[in-house]
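Structure first, then comments.
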Amino acid sequence: MKKLSFKTSLLLISGLVVFSLIASMGFGVVELGHKAVWQCITQSCEKSIYDTILWEIRFPRVLLGFIAGFGLAIAGALMQNVTRNPLADPYLFGIVSGAGLGATLTQFLPTTVQLITLPIASFLGSLLAVGIILIVLYQNNWRRIEHLLLAGVAVSFLLSSLTSFILYSGEAFSTNRVIFWLMGSLARADSTALLWISPVIIIATIIAILLGRQLDALLLSDDSARTLGIKVERLRIITLVLCAAITAVIVSYCGGISFIGLMIPHMVRPFVGITSSKLFIAAGLVGGCFLVWVDVVARTALGGQEIPIGVITSAMGSLFFLALLRKM
């Protein structure tokens, strides 16, 4: 079968994005119908309640889901390219657990200060995970790329255990609220979340694309990259910090949504290749669409009850992970 060009693939993916953003707003507890959604977009809503539901509730949620999926997919593609490990993922690398620990600590602070402390604490927690890994692998093991994943898994368990202990020691009502949040949800979608997440994702994406040529050289080997004048250790640290920033800001508002960074890059590579800049753009767009539709399933599958997104992505990601291991 003839492989599609990148422009053709990008055009098809862009069509999928437009369709997903518009069609997904028709699903929810209150069924608007896609005809009513299209009328609200192109003209004006037939009923004022439709206008409120569509633009104040569903649109921010759909947009947040797309941006979060976009960021998680790019973070996964970054980690897989920089470590040359197809199993690398922010969740398995401990970054999500670190961000979750930082965000959990802020849940016990007054609500008035959480607006500022939540993303900052999540980022510091992610940096803690990255810092522990870099310290462990700083000398001899740093040259063994496969040790990055093993160290990440160990750090993930360590920070998750600290989070569990904090929740166990906390007040029951706050603990239940935090536990549901850690499972992943887009229920907190609003303008504040979008204003915090969007700039970080956009800036990180631009930096990742600018580093594309260096990451492409790194795909060959560390020695090959060094012969081209690339400072491998610095590039790897910059990339990990980028992944930490992306993951932290998403976890701070959406909770722990796992395995998107693992699955999506593998899905798009057969269509766009391994070139980093192309992979980041395609993976981001497909990841955004993927999370939008996962959220549709989460809020419609059980009628009036919402399923945590992390439960769905964990189930899908675990099966994908096992299938990938079997293929390898």
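Quick note on naming: the chains in the structure tokens go A, B, ... in the order shown, residues restart at 1 in each chain, and ligands are numbered from 1 in order of appearance.
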
Mind dumping a table of every range 74-162 of chain A residue within 9 Å of range 243-251 of chain A, with the nearest atom pair and its distance in Å to one decimal, using only C-alpha atoms, sorted by chain and rising number, as JSON lines?
{"residue": "A:Ile74", "atom": "CA", "partner": "A:Cys243", "partner_atom": "CA", "distance": 8.3}
{"residue": "A:Ala75", "atom": "CA", "partner": "A:Cys243", "partner_atom": "CA", "distance": 5.0}
{"residue": "A:Gly76", "atom": "CA", "partner": "A:Cys243", "partner_atom": "CA", "distance": 8.0}
{"residue": "A:Leu78", "atom": "CA", "partner": "A:Cys243", "partner_atom": "CA", "distance": 7.4}
{"residue": "A:Met79", "atom": "CA", "partner": "A:Cys243", "partner_atom": "CA", "distance": 7.4}
{"residue": "A:Pro90", "atom": "CA", "partner": "A:Thr247", "partner_atom": "CA", "distance": 7.1}
{"residue": "A:Tyr91", "atom": "CA", "partner": "A:Thr247", "partner_atom": "CA", "distance": 9.0}
{"residue": "A:Ile95", "atom": "CA", "partner": "A:Ala244", "partner_atom": "CA", "distance": 6.1}
{"residue": "A:Val96", "atom": "CA", "partner": "A:Thr247", "partner_atom": "CA", "distance": 6.4}
{"residue": "A:Gly98", "atom": "CA", "partner": "A:Ala248", "partner_atom": "CA", "distance": 8.2}
{"residue": "A:Ala99", "atom": "CA", "partner": "A:Ala248", "partner_atom": "CA", "distance": 5.1}
{"residue": "A:Gly100", "atom": "CA", "partner": "A:Val251", "partner_atom": "CA", "distance": 6.5}
{"residue": "A:Gly102", "atom": "CA", "partner": "A:Ala248", "partner_atom": "CA", "distance": 8.9}
{"residue": "A:Ala103", "atom": "CA", "partner": "A:Val251", "partner_atom": "CA", "distance": 7.8}
{"residue": "A:Leu118", "atom": "CA", "partner": "A:Val249", "partner_atom": "CA", "distance": 8.6}
{"residue": "A:Pro119", "atom": "CA", "partner": "A:Val249", "partner_atom": "CA", "distance": 5.4}
{"residue": "A:Ile120", "atom": "CA", "partner": "A:Val249", "partner_atom": "CA", "distance": 8.1}
{"residue": "A:Ala121", "atom": "CA", "partner": "A:Ala248", "partner_atom": "CA", "distance": 8.4}
{"residue": "A:Ser122", "atom": "CA", "partner": "A:Ala248", "partner_atom": "CA", "distance": 4.9}
{"residue": "A:Phe123", "atom": "CA", "partner": "A:Ala248", "partner_atom": "CA", "distance": 4.8}
{"residue": "A:Leu124", "atom": "CA", "partner": "A:Ala248", "partner_atom": "CA", "distance": 8.2}
{"residue": "A:Gly125", "atom": "CA", "partner": "A:Ala248", "partner_atom": "CA", "distance": 7.8}
{"residue": "A:Ser126", "atom": "CA", "partner": "A:Ala244", "partner_atom": "CA", "distance": 5.2}
{"residue": "A:Leu127", "atom": "CA", "partner": "A:Ala244", "partner_atom": "CA", "distance": 6.3}
{"residue": "A:Ala129", "atom": "CA", "partner": "A:Ala244", "partner_atom": "CA", "distance": 8.7}
{"residue": "A:Val130", "atom": "CA", "partner": "A:Ala244", "partner_atom": "CA", "distance": 7.5}

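The residue set within 12 Å of Ile132 in chain A, counting only C-alpha atoms and dropping same-chain residues fewer than 2 places from it, reads Phe93, Gly94, Ile95, Gly98, Gly125, Ser126, Leu127, Leu128, Ala129, Val130, Leu134, Ile135, Val136, Leu137, Tyr138, Leu148, Ala151, Gly152, Val153, Ala154, Val155, Ser156, Leu158 and Leu159 of chain A.
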
Put those residues in a file: N, CA and C atoms, as a compact mmCIF listing (two decimals), in the first residue's frame.
# COMPACT_ATOMS: atom_id res chain seq x y z
N PHE A 93 7.27 7.20 33.51
CA PHE A 93 8.54 7.85 33.84
C PHE A 93 8.52 8.54 35.21
N GLY A 94 7.36 8.51 35.88
CA GLY A 94 7.26 9.12 37.19
C GLY A 94 6.86 10.58 37.19
N ILE A 95 6.77 11.20 36.01
CA ILE A 95 6.46 12.61 35.95
C ILE A 95 5.02 12.87 36.38
N GLY A 98 4.81 12.52 40.14
CA GLY A 98 5.36 13.70 40.79
C GLY A 98 4.41 14.88 40.75
N GLY A 125 6.56 19.16 41.63
CA GLY A 125 6.52 17.71 41.83
C GLY A 125 7.08 16.96 40.64
N SER A 126 6.78 17.44 39.42
CA SER A 126 7.33 16.81 38.22
C SER A 126 8.85 16.96 38.18
N LEU A 127 9.33 18.16 38.52
CA LEU A 127 10.78 18.39 38.56
C LEU A 127 11.44 17.51 39.61
N LEU A 128 10.74 17.25 40.71
CA LEU A 128 11.27 16.35 41.73
C LEU A 128 11.50 14.96 41.15
N ALA A 129 10.51 14.47 40.38
CA ALA A 129 10.65 13.15 39.76
C ALA A 129 11.81 13.13 38.78
N VAL A 130 11.89 14.15 37.93
CA VAL A 130 12.99 14.23 36.96
C VAL A 130 14.33 14.35 37.68
N LEU A 134 17.61 11.91 37.34
CA LEU A 134 18.90 12.41 36.85
C LEU A 134 20.01 12.18 37.87
N ILE A 135 19.70 12.32 39.15
CA ILE A 135 20.70 12.09 40.19
C ILE A 135 21.13 10.62 40.21
N VAL A 136 20.14 9.73 40.10
CA VAL A 136 20.44 8.30 40.13
C VAL A 136 21.29 7.89 38.94
N LEU A 137 21.01 8.49 37.77
CA LEU A 137 21.69 8.07 36.54
C LEU A 137 22.81 9.02 36.13
N TYR A 138 23.24 9.89 37.02
CA TYR A 138 24.17 10.94 36.62
C TYR A 138 25.52 10.41 36.14
N LEU A 148 16.78 4.65 32.18
CA LEU A 148 15.88 5.78 32.41
C LEU A 148 14.46 5.29 32.70
N ALA A 151 14.34 3.48 36.14
CA ALA A 151 14.36 4.45 37.23
C ALA A 151 13.03 5.20 37.31
N GLY A 152 12.45 5.51 36.15
CA GLY A 152 11.17 6.21 36.14
C GLY A 152 10.06 5.40 36.79
N VAL A 153 10.02 4.11 36.52
CA VAL A 153 9.01 3.25 37.14
C VAL A 153 9.19 3.23 38.66
N ALA A 154 10.45 3.12 39.12
CA ALA A 154 10.71 3.11 40.56
C ALA A 154 10.29 4.42 41.21
N VAL A 155 10.63 5.54 40.57
CA VAL A 155 10.25 6.86 41.11
C VAL A 155 8.73 7.01 41.11
N SER A 156 8.08 6.48 40.08
CA SER A 156 6.62 6.55 40.01
C SER A 156 5.98 5.86 41.20
N LEU A 158 7.41 5.26 44.10
CA LEU A 158 7.79 5.99 45.31
C LEU A 158 6.87 7.18 45.55
N LEU A 159 6.70 8.02 44.53
CA LEU A 159 5.89 9.22 44.69
C LEU A 159 4.41 8.88 44.82

Can you write out as CSV which residues of range 11-86 of chain A fall within 12 Å of range 270-294 of chain A, alongside each residue's closest atom pair and its distance in Å to one decimal, counting only C-alpha atoms and ordering rows by chain and ascending residue number?
residue,atom,partner,partner_atom,distance
A:Leu11,CA,A:Ala282,CA,10.2
A:Leu12,CA,A:Ala282,CA,10.3
A:Ile13,CA,A:Val286,CA,6.9
A:Ser14,CA,A:Leu285,CA,7.5
A:Gly15,CA,A:Leu285,CA,10.4
A:Leu16,CA,A:Cys289,CA,7.4
A:Val17,CA,A:Cys289,CA,5.9
A:Val18,CA,A:Cys289,CA,9.1
A:Phe19,CA,A:Cys289,CA,9.1
A:Ser20,CA,A:Cys289,CA,6.1
A:Leu21,CA,A:Val292,CA,7.6
A:Ile22,CA,A:Val292,CA,10.5
A:Ala23,CA,A:Trp293,CA,9.6
A:Ser24,CA,A:Trp293,CA,6.9
A:Met25,CA,A:Val292,CA,9.6
A:Gly26,CA,A:Trp293,CA,11.6
A:Phe27,CA,A:Trp293,CA,9.9
A:Gly28,CA,A:Trp293,CA,11.7
A:Arg58,CA,A:Val292,CA,11.0
A:Phe59,CA,A:Val292,CA,10.9
A:Pro60,CA,A:Val292,CA,11.4
A:Arg61,CA,A:Val292,CA,8.7
A:Val62,CA,A:Val292,CA,6.0
A:Leu63,CA,A:Val292,CA,8.1
A:Leu64,CA,A:Val292,CA,8.6
A:Gly65,CA,A:Val292,CA,5.2
A:Phe66,CA,A:Gly288,CA,3.8
A:Ile67,CA,A:Gly288,CA,5.9
A:Ala68,CA,A:Gly288,CA,6.7
A:Gly69,CA,A:Gly288,CA,4.0
A:Phe70,CA,A:Gly284,CA,4.0
A:Gly71,CA,A:Gly284,CA,6.4
A:Leu72,CA,A:Gly287,CA,7.3
A:Ala73,CA,A:Gly284,CA,5.3
A:Ile74,CA,A:Gly284,CA,5.4
A:Ala75,CA,A:Phe280,CA,8.7
A:Gly76,CA,A:Ala283,CA,9.0
A:Ala77,CA,A:Phe280,CA,6.5
A:Leu78,CA,A:Phe280,CA,7.7
A:Met79,CA,A:Ser276,CA,11.1
A:Gln80,CA,A:Ser276,CA,10.2
A:Asn81,CA,A:Ser276,CA,7.5
A:Val82,CA,A:Ser276,CA,9.9
A:Arg84,CA,A:Ile274,CA,11.1
A:Pro86,CA,A:Ile274,CA,11.6

Could you please take those selected residues and save C-alpha atoms as a compact mmCIF listing (two decimals), in the first residue's frame?
# COMPACT_ATOMS: atom_id res chain seq x y z
CA LEU A 11 -5.00 17.34 5.86
CA LEU A 12 -6.89 14.19 6.90
CA ILE A 13 -5.94 14.68 10.55
CA SER A 14 -7.06 18.33 10.41
CA GLY A 15 -10.44 17.18 9.08
CA LEU A 16 -10.65 14.73 11.97
CA VAL A 17 -9.91 17.56 14.41
CA VAL A 18 -12.68 19.79 13.06
CA PHE A 19 -15.16 16.91 13.03
CA SER A 20 -14.24 15.84 16.59
CA LEU A 21 -14.51 19.33 18.06
CA ILE A 22 -17.93 19.95 16.52
CA ALA A 23 -19.49 16.49 16.79
CA SER A 24 -18.40 15.85 20.40
CA MET A 25 -20.36 18.87 21.64
CA GLY A 26 -23.60 17.12 20.70
CA PHE A 27 -23.11 14.43 23.37
CA GLY A 28 -23.89 14.81 27.04
CA ARG A 58 -19.37 21.80 26.71
CA PHE A 59 -17.11 23.96 24.54
CA PRO A 60 -14.58 24.71 27.33
CA ARG A 61 -14.58 21.02 28.24
CA VAL A 62 -14.06 19.84 24.67
CA LEU A 63 -11.34 22.45 24.11
CA LEU A 64 -9.58 21.50 27.35
CA GLY A 65 -9.75 17.83 26.38
CA PHE A 66 -8.20 18.54 23.00
CA ILE A 67 -5.40 20.68 24.45
CA ALA A 68 -4.65 18.15 27.21
CA GLY A 69 -4.57 15.24 24.76
CA PHE A 70 -2.39 17.31 22.43
CA GLY A 71 0.12 18.00 25.21
CA LEU A 72 0.24 14.45 26.57
CA ALA A 73 0.80 12.99 23.10
CA ILE A 74 3.66 15.40 22.40
CA ALA A 75 5.21 14.66 25.80
CA GLY A 76 5.10 10.95 25.00
CA ALA A 77 6.62 11.44 21.54
CA LEU A 78 9.37 13.61 23.05
CA MET A 79 10.25 11.01 25.67
CA GLN A 80 10.26 8.13 23.20
CA ASN A 81 12.54 10.00 20.81
CA VAL A 82 14.95 11.36 23.39
CA ARG A 84 15.06 5.87 21.98
CA PRO A 86 9.25 2.87 22.49

DSSP alpha helix (DSSP H) residues within range 161-280 of chain A, listed as a PyMOL selection string: chain A and resi 161-169+172-182+191-210+212-220+222-227+232-254+260-272+276-280

For the residues in the current selection, export C-alpha atoms as an mmCIF file, in the first residue's frame.
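Output (selection-v2.cif):
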data_model
loop_
_atom_site.group_PDB
_atom_site.id
_atom_site.type_symbol
_atom_site.label_atom_id
_atom_site.label_comp_id
_atom_site.auth_asym_id
_atom_site.auth_seq_id
_atom_site.Cartn_x
_atom_site.Cartn_y
_atom_site.Cartn_z
ATOM 1 C CA SER A 161 3.090 5.802 47.714
ATOM 2 C CA LEU A 162 3.707 9.238 49.258
ATOM 3 C CA THR A 163 0.520 10.516 47.652
ATOM 4 C CA SER A 164 -1.441 7.536 48.998
ATOM 5 C CA PHE A 165 -0.069 8.113 52.501
ATOM 6 C CA ILE A 166 -1.040 11.790 52.417
ATOM 7 C CA LEU A 167 -4.552 10.887 51.279
ATOM 8 C CA TYR A 168 -4.813 8.200 53.966
ATOM 9 C CA SER A 169 -3.856 10.740 56.632
ATOM 10 C CA ALA A 172 -12.303 11.996 54.538
ATOM 11 C CA PHE A 173 -14.211 14.499 52.369
ATOM 12 C CA SER A 174 -11.088 16.143 50.965
ATOM 13 C CA THR A 175 -9.497 12.745 50.387
ATOM 14 C CA ASN A 176 -12.456 11.446 48.371
ATOM 15 C CA ARG A 177 -12.451 14.583 46.244
ATOM 16 C CA VAL A 178 -8.713 14.280 45.576
ATOM 17 C CA ILE A 179 -8.944 10.552 44.780
ATOM 18 C CA PHE A 180 -11.613 11.184 42.127
ATOM 19 C CA TRP A 181 -9.550 14.044 40.714
ATOM 20 C CA LEU A 182 -6.402 11.885 40.528
ATOM 21 C CA SER A 191 -11.382 29.756 31.313
ATOM 22 C CA THR A 192 -8.839 29.634 34.145
ATOM 23 C CA ALA A 193 -7.716 26.117 33.247
ATOM 24 C CA LEU A 194 -7.458 27.052 29.567
ATOM 25 C CA LEU A 195 -5.438 30.197 30.363
ATOM 26 C CA TRP A 196 -2.946 28.191 32.420
ATOM 27 C CA ILE A 197 -2.620 25.165 30.152
ATOM 28 C CA SER A 198 -2.716 26.679 26.650
ATOM 29 C CA PRO A 199 0.396 28.938 26.836
ATOM 30 C CA VAL A 200 2.518 26.163 28.348
ATOM 31 C CA ILE A 201 1.481 23.641 25.679
ATOM 32 C CA ILE A 202 1.997 26.131 22.828
ATOM 33 C CA ILE A 203 5.439 27.260 24.026
ATOM 34 C CA ALA A 204 6.579 23.693 24.749
ATOM 35 C CA THR A 205 5.377 22.542 21.316
ATOM 36 C CA ILE A 206 7.278 25.323 19.550
ATOM 37 C CA ILE A 207 10.467 24.502 21.472
ATOM 38 C CA ALA A 208 10.043 20.784 20.726
ATOM 39 C CA ILE A 209 9.675 21.466 16.990
ATOM 40 C CA LEU A 210 12.737 23.748 17.039
ATOM 41 C CA GLY A 212 13.468 18.466 16.058
ATOM 42 C CA ARG A 213 16.692 18.205 14.036
ATOM 43 C CA GLN A 214 18.767 17.585 17.147
ATOM 44 C CA LEU A 215 16.325 14.929 18.345
ATOM 45 C CA ASP A 216 16.459 13.280 14.912
ATOM 46 C CA ALA A 217 20.234 13.006 15.234
ATOM 47 C CA LEU A 218 19.817 11.580 18.713
ATOM 48 C CA LEU A 219 17.650 8.781 17.302
ATOM 49 C CA LEU A 220 20.757 7.254 15.708
ATOM 50 C CA ASP A 222 24.511 9.452 21.374
ATOM 51 C CA ASP A 223 27.903 9.168 19.670
ATOM 52 C CA SER A 224 26.473 10.067 16.269
ATOM 53 C CA ALA A 225 24.754 13.104 17.756
ATOM 54 C CA ARG A 226 27.981 14.238 19.451
ATOM 55 C CA THR A 227 29.876 14.043 16.161
ATOM 56 C CA VAL A 232 23.465 15.228 24.254
ATOM 57 C CA GLU A 233 23.185 15.523 28.040
ATOM 58 C CA ARG A 234 21.938 19.112 27.864
ATOM 59 C CA LEU A 235 19.427 18.225 25.131
ATOM 60 C CA ARG A 236 18.122 15.313 27.167
ATOM 61 C CA ILE A 237 17.693 17.447 30.278
ATOM 62 C CA ILE A 238 15.908 20.215 28.336
ATOM 63 C CA THR A 239 13.554 17.639 26.838
ATOM 64 C CA LEU A 240 12.756 16.095 30.218
ATOM 65 C CA VAL A 241 12.021 19.546 31.682
ATOM 66 C CA LEU A 242 9.700 20.248 28.743
ATOM 67 C CA CYS A 243 7.870 16.991 29.403
ATOM 68 C CA ALA A 244 7.668 17.858 33.091
ATOM 69 C CA ALA A 245 6.142 21.275 32.337
ATOM 70 C CA ILE A 246 3.583 19.855 29.897
ATOM 71 C CA THR A 247 2.564 17.020 32.191
ATOM 72 C CA ALA A 248 2.459 19.151 35.327
ATOM 73 C CA VAL A 249 0.116 21.799 34.016
ATOM 74 C CA ILE A 250 -2.226 19.146 32.577
ATOM 75 C CA VAL A 251 -2.246 17.028 35.746
ATOM 76 C CA SER A 252 -2.894 20.110 37.887
ATOM 77 C CA TYR A 253 -6.270 20.670 36.232
ATOM 78 C CA CYS A 254 -7.168 17.303 34.649
ATOM 79 C CA ILE A 260 -1.946 8.681 25.935
ATOM 80 C CA GLY A 261 1.723 9.580 25.551
ATOM 81 C CA LEU A 262 2.516 5.901 25.026
ATOM 82 C CA MET A 263 -0.228 4.978 22.546
ATOM 83 C CA ILE A 264 -0.633 7.952 20.213
ATOM 84 C CA PRO A 265 2.972 8.232 18.858
ATOM 85 C CA HIS A 266 2.872 4.541 17.910
ATOM 86 C CA MET A 267 -0.439 5.059 16.115
ATOM 87 C CA VAL A 268 0.772 7.933 13.930
ATOM 88 C CA ARG A 269 4.342 6.818 13.117
ATOM 89 C CA PRO A 270 3.256 4.463 10.310
ATOM 90 C CA PHE A 271 1.597 7.431 8.584
ATOM 91 C CA VAL A 272 4.050 10.314 9.193
ATOM 92 C CA SER A 276 10.486 14.473 15.161
ATOM 93 C CA SER A 277 8.835 17.699 14.005
ATOM 94 C CA LYS A 278 6.279 15.859 11.833
ATOM 95 C CA LEU A 279 5.663 13.311 14.551
ATOM 96 C CA PHE A 280 5.019 15.986 17.198
#

Between CA of Ile49 in chain A and CA of Gln305 in chain A lies a distance of 21.3 Å

Considering only C-alpha atoms, return as an NGL selection string whatever protein or nucleic-acid residues lie within 8 Å of Gly184 in chain A, sequence-local ones (same chain, fewer than 3 positions apart) excluded. :A and (180-181 or 254-257 or 308-311)
